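Visitor: Pasting a structure here, questions to come.
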Amino acid sequence: MATRTHCPYCALQCGMRIERDGTIAGDAGFPVNAGRLCVKGFTAGAVLAHPERLTRPLARNDAGELDPVSWDEALGRITDAIGATQERHGRDAVGVFGSGALTNEKAYLLGKFARVALKTANVDYNGRFCMSSAAAAANRALGIDRGLPFPLEDISGAEFVLLVGGNVAETMPPLMRWFEAQKANGGRLIVVDPRRSATAETASAHLAITPGSDAALAYGLLHLIVREGWVDEGYVASRTTGFERVRALVASYWPGRVERLTGVPEATLLEVAGQLGRARSVMILTGRGPEQQWQGVNNAGAYINLALALGAVGKPNSGWGTLTGQGNGQGGREHGQKADQLPGYRSISDPAARRHVARVWDVAEESIPGPGKPAAELLATLGYIGGVHALLVFGSNPAVSAPDGLALRERLSALDFLVVSDFFLSETAALADVVLPSAQWAEEEGTMTNLEGRVIRRRAAVRPPEGVRTDLQVLCELAARLGEGERFPSAEPCMVFEELRAASAGGRADYAGISYERIDRESGVFWPCPSDAHPGTPRLFADGFPTPDGRARFHAASHQLTAEEPDAEFPLFLTTGRLLGHYQTRTQTRRTPQLEQMASRPVVRVHPTTARRHGLVKGADVCLETRRGRARFVVEITSTVRPDTLFAPFHWGGEGSVNRLTHGIADPISGMPEFKLCAARIRPASEMAVPAAKKMGGSAA
Ligand code: SF4
């Protein structure tokens with residue numbers, strides 16, 4: 001019989017069936033994808049029995065090489081290193097770095113392990129590099145962060161959708177079924193993106209804005225909506241606060257100025273504003289484009305302001321939402337692996353939240369540490385006085401995914417001790433002192449929460465290879481060795497989920513009424529779901545906002561320049577993103593022959609005019625250079641990018657790592673680094689050598 005489970009990759013979490021012979025098909029009974037999968041989903045089985053799979057713990061020997069060791073020795077080395085580091089530098093000198101790919105159960109137990117077993121404040125995760133700006137904007141404006149506060153099916157009934165900086169046709173192809181239905185129903189889709197992406201090709205119109213001008217466009221549209229009297233004044237008066245400051249702010253975003261800032265002609269601004277203002281239902285969706293900037297919170301907030309002014313939030317087929325990226329990017333940011341958070345999306349600084357969680361964990365409230373360092377700061381201070389000196393990484397590959405990659409490798413090498421749990425030897429694992437082989441996706445049970453806030457079940461279809469353990473088993477065993485075993489009584493996912501339910505009860509992300517049985521019966525359950533009798537909440541905000549006064553909040557923050565504007569030395573914008581055939585840092589997808597064939601080398605997309613000016617031809621090796629370093633790419637010439645902009649995917653490590661070039665200046669509220677924009681120049685590779693990264697023992701396969 002086939003096993004019904006979900007894809008290991010993106011936050012759409014398409015339903016799939018894994019047959020006994022390992023073949024994979026879309027699950028026609030799961031409403032999100034109705035049987036569709038993208039090429040990554042169809043080929044996901046390739047990594048399960050891959051020959052490079054880690055099956056034994058590895059530890060560094062006296063010669064600096066990684067050698068196989070027993071679990072007992074590996075775990076013993078880890079607890080010895082934790083003890084030595086904490087004795088020398090204090091408890092917070094041990095840090096934990098998690099992932100938006102972990103199941104809810106793992107994310108929950110990782111946060112608890114950090115606070116209860118390690119007693120450190122420093123736990124954070126790679127979702128900071130993905131969703132933190134949208135999350136912060138949603139929390140402060142709407143009182144809650146659920147990526148889409150409505151089910152995907154609502155897209156099909158929206159009269160007008162404005163999609164800003166998201167490329168779902170390439171990153172989540174099955175999601176396009178809802179846009180196809182919207183089009184068939186007579187709806188319009190306008191895509192805002194500096195690139196003419198695959199999604200933009202399908203749209204009614206495409207606004208190729210100047211990189212970094214997202215908020216200026218939102219305010220330019222809102223200026224016209226105010227001017228033409230299209231603000232839903234009744235909604236604004238009865239359901240929101242703070243609009244008058246935003247009304248005053250947008251007065252200075254007149255069309256001529258906005259055309260200069262964004263590159264969008266005045267006539268187009270007027271046309272789009274008119275369509276927004278007159279539509280019966282308006283949906284605004286943002287992606288990483290506006291969010292992965294040092295003003296990411298204000299960018300997302302500008303589009304929330306626009307949706308609120310139109311009275312769209314909380315109405316059918318309408319509102320604002322963000323398209324979560326990583327597989328469990330939503331659940332992973334709800335249950336305590338963030339530096340400032342306790343389970344249920346509770347604040348770690350809130351005395352009532354601390355009391356509740358302390359009761360569930362059976363610890364003294366004052367023993368729970370306070371807020372720790374967010375990811376970018378945690379990584380930037382590795383090895384420094386006051387920073388983290390021993391780091392445990394679960395399911396993440398920051399050596400490739402974090403900004404300013406060469407500097408990060410230096411910081412990782414400055415650690416006293418690095419532990420990585422993964423199923424392949426990633427670039428980060430290759431730098432570790434101890435590597436733990438973990439179970440993956442179709443080998444384990446658990447829950448994930450997709451981009452709609454729908455909690456779903458991941459089911460095991462095959463047994464993990466001999467010698468591999470789950471992260472839950474590892475955390476429980478380490479906790480026992482650290483003297484806290486009784487507070488980590490079970491590594492069974494269903495038991496951990498029962499504890500998560502209790503810990504989240506009463507929080508913003510309340511899972512108390514969600515059980516494995518209900519998920520099976522109902523094709524997933526939408527949080528918040530506070531009791532067994534509660535139906536779950538597919539649509540938020542119909543009756544109010546979870547803020548102290550029940551109203552949504554406008555935030556007036558003007559558009560700012562990017563942190564590093566192009567200049568005479570570095571005259572081009574460099575922007576980064578994803579390709580259809582790869583996922584994150586290619587740890588899995590590079591080992592899937594069909595996907596690797598689709599894109600086996602890192603390319604940089606260059607406009608024909610720019611290519612001519614720099615003497616570049618299709619297929620040539622080039623160097624991109626920024627103030628942080630250099631990286632090597634193959635030229636692809638295309639008019640889908642602007643003449644002032646280069647596009648490179650972020651999936652590669654080594655010499656093709658675009659994150660050697662990005663900078664670490666982060667949003668002051670969310671901590672999101674500005675992955676999407678920096679100033680760069682491009683030259684034929686023959687004109688410059690790429691410096692090799694600092695050599696460490698081991699190598700990523
Ligand atoms: Fe998997 Fe995402 Fe592709 Fe669906 S869209 S098959 S979840 S990678």
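Please note that chains go A, B, ... in the order of the structure tokens, that every chain numbers its residues from 1, and that ligands are numbered from 1 in the order shown.
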Counting only C-alpha atoms and all ligand atoms, which residues of chain A sit at most 7 Å from some atom of ligand 1, and what is each one's closest atom pair with its distance in Å to one decimal, listed by chain and rising residue number, as a tab-separated table?
Guide:
residue	atom	partner	partner_atom_place_in_ligand_line	distance
A:Cys7	CA	ligand 1	1 (Fe)	4.6
A:Pro8	CA	ligand 1	1 (Fe)	6.3
A:Tyr9	CA	ligand 1	8 (S)	4.6
A:Cys10	CA	ligand 1	2 (Fe)	4.0
A:Ala11	CA	ligand 1	7 (S)	6.0
A:Leu12	CA	ligand 1	7 (S)	4.6
A:Gln13	CA	ligand 1	7 (S)	3.9
A:Cys14	CA	ligand 1	4 (Fe)	4.3
A:Leu37	CA	ligand 1	6 (S)	4.0
A:Cys38	CA	ligand 1	3 (Fe)	4.1
A:Val39	CA	ligand 1	3 (Fe)	6.4
A:Lys40	CA	ligand 1	8 (S)	5.1
A:Gly41	CA	ligand 1	6 (S)	3.7
A:Phe42	CA	ligand 1	6 (S)	6.7
A:Thr171	CA	ligand 1	5 (S)	6.5
A:Met172	CA	ligand 1	5 (S)	3.7
A:Pro173	CA	ligand 1	5 (S)	5.3
A:Pro174	CA	ligand 1	5 (S)	5.4
A:Leu175	CA	ligand 1	5 (S)	6.9
Visitor: Contacts between stretch 282-297 of chain A and stretch 317-368 of chain A, please, where a residue of stretch 317-368 of chain A counts if it comes within 9 Å (with only C-alpha atoms); show its shortest atom pair and distance in Å to one decimal, rows by chain and ascending number, as a Markdown table.
Guide:
| residue | atom | partner | partner_atom | distance |
| --- | --- | --- | --- | --- |
| A:Asn317 | CA | A:Met283 | CA | 6.9 |
| A:Ser318 | CA | A:Met283 | CA | 4.4 |
| A:Gly319 | CA | A:Met283 | CA | 4.8 |
| A:Trp320 | CA | A:Ile284 | CA | 4.7 |
| A:Gly321 | CA | A:Leu285 | CA | 4.9 |
| A:Thr322 | CA | A:Thr286 | CA | 4.9 |
| A:Leu323 | CA | A:Gly287 | CA | 5.4 |
| A:Thr324 | CA | A:Gly287 | CA | 7.5 |
| A:Gly325 | CA | A:Arg288 | CA | 8.3 |
Visitor: Please identify all polymer residues within 7 Å of stretch 57-65 of chain A, counting only C-alpha atoms, omitting same-chain residues fewer than 4 positions from it, and present them as a ChimeraX atom specification.
Guide: /A:69-71,74,433-437,697-698
Visitor: If you measure from atom CA of A:Thr262 to atom CA of A:Ser281, what distance in Å do you get, rounded to one decimal?
Guide: 25.4 Å
Visitor: Near A:Asp520, counting only C-alpha atoms, which residues have an atom at most 12 Å away, once you skip same-chain residues fewer than 3 positions from it, shown as a ChimeraX atom specification?
Guide: /A:4-5,29-30,447,455-459,514-517,523-525
Visitor: Counting only C-alpha atoms, figure out which residue out of A:Asn167, A:Ser490, A:Glu266, A:Tyr219 gets nearest to A:Ala248.
Guide: A:Tyr219
Visitor: Which residues, written as a PDB file with N, CA and C atoms, in the first residue's frame, have at least one atom at most 9 Å from A:Ala200, with only C-alpha atoms counted and residues fewer than 4 positions away on the same chain left out?
Guide:
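Output file part-v2.pdb follows:
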ATOM      1  N   ASN A 167       8.058  34.434  -7.038  1.00  0.00           N
ATOM      2  CA  ASN A 167       8.098  33.774  -8.349  1.00  0.00           C
ATOM      3  C   ASN A 167       7.586  32.341  -8.207  1.00  0.00           C
ATOM      4  N   ALA A 169       5.738  30.448 -10.002  1.00  0.00           N
ATOM      5  CA  ALA A 169       5.741  29.538 -11.154  1.00  0.00           C
ATOM      6  C   ALA A 169       7.013  28.692 -11.173  1.00  0.00           C
ATOM      7  N   LEU A 189      -3.947  39.410 -12.430  1.00  0.00           N
ATOM      8  CA  LEU A 189      -2.747  39.233 -11.603  1.00  0.00           C
ATOM      9  C   LEU A 189      -1.702  40.223 -12.089  1.00  0.00           C
ATOM     10  N   ILE A 190      -1.226  41.050 -11.182  1.00  0.00           N
ATOM     11  CA  ILE A 190      -0.116  41.946 -11.534  1.00  0.00           C
ATOM     12  C   ILE A 190       1.100  41.554 -10.705  1.00  0.00           C
ATOM     13  N   VAL A 191       2.205  41.321 -11.378  1.00  0.00           N
ATOM     14  CA  VAL A 191       3.436  40.905 -10.708  1.00  0.00           C
ATOM     15  C   VAL A 191       4.400  42.088 -10.658  1.00  0.00           C
ATOM     16  N   VAL A 192       4.910  42.352  -9.464  1.00  0.00           N
ATOM     17  CA  VAL A 192       5.914  43.394  -9.257  1.00  0.00           C
ATOM     18  C   VAL A 192       7.240  42.693  -8.991  1.00  0.00           C
ATOM     19  N   ASP A 193       8.220  42.909  -9.846  1.00  0.00           N
ATOM     20  CA  ASP A 193       9.492  42.196  -9.704  1.00  0.00           C
ATOM     21  C   ASP A 193      10.513  42.853 -10.623  1.00  0.00           C
ATOM     22  N   ARG A 195      12.761  41.461 -12.050  1.00  0.00           N
ATOM     23  CA  ARG A 195      12.979  40.486 -13.130  1.00  0.00           C
ATOM     24  C   ARG A 195      11.667  40.140 -13.805  1.00  0.00           C
ATOM     25  N   ARG A 196      11.714  39.846 -15.107  1.00  0.00           N
ATOM     26  CA  ARG A 196      10.521  39.276 -15.752  1.00  0.00           C
ATOM     27  C   ARG A 196      10.578  37.764 -15.506  1.00  0.00           C
ATOM     28  N   SER A 204      -1.227  39.410 -15.957  1.00  0.00           N
ATOM     29  CA  SER A 204      -1.902  40.410 -16.790  1.00  0.00           C
ATOM     30  C   SER A 204      -0.962  41.571 -17.060  1.00  0.00           C
ATOM     31  N   ALA A 205      -0.120  41.886 -16.080  1.00  0.00           N
ATOM     32  CA  ALA A 205       0.853  42.965 -16.262  1.00  0.00           C
ATOM     33  C   ALA A 205       2.031  42.721 -15.337  1.00  0.00           C
ATOM     34  N   HIS A 206       3.180  43.294 -15.724  1.00  0.00           N
ATOM     35  CA  HIS A 206       4.406  43.132 -14.938  1.00  0.00           C
ATOM     36  C   HIS A 206       5.012  44.509 -14.721  1.00  0.00           C
ATOM     37  N   LEU A 207       5.292  44.840 -13.466  1.00  0.00           N
ATOM     38  CA  LEU A 207       5.960  46.094 -13.149  1.00  0.00           C
ATOM     39  C   LEU A 207       7.403  45.780 -12.762  1.00  0.00           C
TER      40      LEU A 207
END
Visitor: Using DSSP on the backbone coordinates, identify the residues of stretch 344-560 of chain A assigned to helix (DSSP H, G or I); present them as an NGL selection string.
Guide: :A and (351-361 or 365-367 or 375-380 or 398-401 or 405-413 or 429-431 or 441-443 or 471-481 or 485-487 or 493-504 or 516-522)
Visitor: Which residues are close to A:Glu170, i.e. within 10 Å by only C-alpha atoms, leaving aside same-chain residues fewer than 5 positions away? Reply as a CSV table (one decimal) with N, CA and C atoms, in the first residue's frame.
Guide:
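Below you can see out.csv, which holds the result:
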chain,number,residue,atom,x,y,z
A,38,CYS,N,5.8,19.4,-8.5
A,38,CYS,CA,6.8,19.9,-9.4
A,38,CYS,C,7.9,18.8,-9.6
A,175,LEU,N,1.2,25.6,-7.1
A,175,LEU,CA,0.4,26.7,-6.6
A,175,LEU,C,-0.2,27.5,-7.7
A,176,MET,N,0.4,27.4,-8.9
A,176,MET,CA,-0.2,28.2,-10.0
A,176,MET,C,-1.6,27.8,-10.4
A,197,SER,N,10.1,37.4,-14.4
A,197,SER,CA,10.2,36.0,-13.9
A,197,SER,C,9.2,35.1,-14.7
A,198,ALA,N,9.2,33.8,-14.4
A,198,ALA,CA,8.3,32.9,-15.1
A,198,ALA,C,6.9,33.2,-14.6
A,199,THR,N,6.7,33.7,-13.4
A,199,THR,CA,5.4,34.1,-12.9
A,199,THR,C,4.9,35.4,-13.6
A,578,ARG,N,16.0,31.8,-6.4
A,578,ARG,CA,16.0,30.4,-6.6
A,578,ARG,C,15.8,30.0,-8.0
A,579,LEU,N,16.2,28.7,-8.3
A,579,LEU,CA,15.9,28.1,-9.6
A,579,LEU,C,14.9,27.0,-9.4
A,580,LEU,N,14.2,26.6,-10.5
A,580,LEU,CA,13.2,25.6,-10.4
A,580,LEU,C,13.8,24.2,-9.9
A,581,GLY,N,15.0,23.9,-10.4
A,581,GLY,CA,15.5,22.6,-10.2
A,581,GLY,C,16.3,22.4,-8.9
